[in-house]
Each structure stands twice: as C-alpha cells, then as structure tokens.
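Source file: upload.txt. Holds: compact mmCIF, C-alpha atoms.
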# COMPACT_ATOMS: atom_id res chain seq x y z
CA MET A 27 -4.93 9.42 5.72
CA PHE A 28 -3.01 6.44 7.03
CA ALA A 29 0.69 6.98 7.78
CA LEU A 30 2.57 3.69 7.60
CA SER A 31 6.01 3.04 9.02
CA GLY A 32 8.48 0.19 9.26
CA ARG A 33 7.61 -3.06 7.51
CA ILE A 34 4.33 -3.79 5.79
CA GLU A 35 3.54 -7.25 7.14
CA PRO A 36 0.55 -9.60 6.67
CA GLN A 37 -1.07 -8.55 9.96
CA ALA A 38 -0.94 -4.90 8.92
CA ILE A 39 -2.36 -5.72 5.49
CA ALA A 40 -5.31 -7.57 7.06
CA GLU A 41 -6.01 -4.66 9.42
CA LEU A 42 -5.76 -2.08 6.65
CA ARG A 43 -8.17 -4.08 4.47
CA ARG A 44 -10.63 -4.21 7.37
CA LEU A 45 -10.37 -0.45 7.85
CA PHE A 46 -10.66 0.25 4.13
CA ASP A 47 -13.85 -1.81 3.95
CA LEU A 48 -15.41 0.67 6.38
CA GLN A 49 -14.95 3.45 3.79
CA ALA A 50 -17.61 4.08 1.17
CA ASP A 51 -15.08 5.18 -1.43
CA TYR A 52 -11.44 4.10 -1.68
CA CYS A 53 -10.67 7.36 -3.51
CA ASP A 54 -10.94 9.10 -0.15
CA ILE A 55 -8.07 7.02 1.29
CA VAL A 56 -4.45 8.20 1.29
CA LEU A 57 -1.52 6.01 2.36
CA ASP A 58 1.59 7.95 3.37
CA LEU A 59 4.54 5.61 2.83
CA LYS A 60 7.27 8.07 3.84
CA ASP A 61 8.47 5.98 6.80
CA VAL A 62 8.05 2.52 5.25
CA SER A 63 11.40 0.73 5.34
CA LEU A 64 10.58 -2.68 3.87
CA VAL A 65 7.92 -4.15 1.61
CA ASP A 66 7.78 -7.82 0.67
CA ARG A 67 5.90 -9.35 -2.30
CA ASP A 68 2.59 -9.48 -0.39
CA GLY A 69 2.96 -5.87 0.70
CA MET A 70 3.82 -4.76 -2.81
CA SER A 71 0.81 -6.62 -4.23
CA PHE A 72 -1.39 -5.00 -1.59
CA LEU A 73 -0.13 -1.52 -2.46
CA ALA A 74 -0.58 -2.13 -6.20
CA ARG A 75 -4.14 -3.36 -5.59
CA CYS A 76 -4.87 -0.34 -3.40
CA GLU A 77 -3.67 2.04 -6.08
CA ALA A 78 -5.72 0.21 -8.74
CA ASP A 79 -8.79 0.60 -6.48
CA GLY A 80 -8.25 4.36 -6.21
CA VAL A 81 -6.22 4.68 -3.02
CA LYS A 82 -3.64 7.47 -3.29
CA LEU A 83 -0.06 6.47 -2.39
CA GLU A 84 2.02 9.41 -1.13
CA ASN A 85 5.79 9.43 -0.59
CA CYS A 86 6.15 6.04 -2.27
CA ALA A 87 9.82 4.98 -2.39
CA PRO A 88 11.24 4.64 -5.90
CA TYR A 89 12.01 0.94 -5.42
CA ILE A 90 8.37 0.25 -4.52
CA ARG A 91 7.10 2.23 -7.50
CA GLU A 92 9.53 0.43 -9.85
CA TRP A 93 8.54 -2.96 -8.45
CA MET A 94 4.85 -2.19 -8.91
CA GLU A 95 5.48 -1.12 -12.52
CA ARG A 96 7.47 -4.30 -13.28
CA GLU A 97 4.66 -6.46 -11.90
CA LYS A 98 2.16 -4.79 -14.26
CA ASP A 99 4.12 -6.02 -17.31
Since I need it in another form, could you write the structure as structure tokens?
Amino acid sequence: MFALSGRIEPQAIAELRRLFDLQADYCDIVLDLKDVSLVDRDGMSFLARCEADGVKLENCAPYIREWMEREKD
C-alpha cells in the first residue's frame, strides 16, 4: 500500500512508476488517496492508467473519480 498526500506531481509519478515496475503484479498495489489535495491532468491520467492496470485506488475523492470517468468518454 502506498499512502499519497498533498499534490501528485510529475516527480512523484516518475517515482511511483519506478516502484510499481518492481512489483510482479499491479493487482497487489493499493494507492490510498485520502490525503491527496490536488491532482492535475498528468496526475489524473496516471491514476486512470494505474486503475486500468489493476491498481486499487482507495479513498479516491469524488472530483478525481468524476474526472477519470469523463476522460473515458
């Protein structure tokens, strides 16, 4: 489980991708977004891609979830 807080910025995305690549199966990864305060377009795309790859997103703010759903359309 990775607990994220504050802003999801490009440096954090790069580091998370590096850490995820060390895992054999993305389905074993959980991102706790309870303390995330701001997500930009890159962060939202990253989270959507993670979820599509099998990463579980916990405590995802409604605005992030809505944004991800709108981007799917």
Nearby residues (all atoms listed in the file) at most 10 Å from segment 66-72 of chain A, same-chain spacing under 5 positions excluded, as a ChimeraX atom specification: /A:33-36,38-40,42-43,77-78,90-91,93-94,97
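Nearest residue to Ile55 of chain A, choosing from A:Met27, A:Glu92, A:Cys76, A:Asn85 and counting only C-alpha atoms: A:Met27.
Candidate residues A:Ala29, A:Ala74, A:Leu59, A:Leu48 were compared for distance to Ala87 of chain A, and the nearest is A:Leu59, using only C-alpha atoms.
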A:Leu30, A:Ser63, A:Arg96, A:Asp51 ranked by distance to Asp79 of chain A, top pick (using only C-alpha atoms):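 Using only C-alpha atoms, Asp79 of chain A sits closest to A:Asp51.
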Shell around Lys82 of chain A at 9 Å using only C-alpha atoms, local window under 6 positions removed, as a PyMOL selection string: chain A and resi 52-58+76
Nearest residue to Lys60 of chain A from the set A:Cys86, A:Gly32, A:Lys98, A:Val81 (distances using only C-alpha atoms):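 Nearest candidate to Lys60 of chain A out of A:Cys86, A:Gly32, A:Lys98, A:Val81: A:Cys86.
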Please enclose the listed atoms of segment 65-72 of chain A in an axis-aligned box, pad each side by 4 Å, and write out the centre and the three edge lengths in Å, rounded to one decimal, as JSON.
{"center_x": 3.3, "center_y": -6.8, "center_z": -1.3, "size_x": 17.3, "size_y": 13.3, "size_z": 13.8}
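Atom CA of Glu95 of chain A to atom CA of Arg75 of chain A spans 12.1 Å [interatomic distance, one decimal].
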Point-to-point distance in Å for atom CA of Leu83 of chain A and atom CA of Phe28 of chain A: 9.9 Å
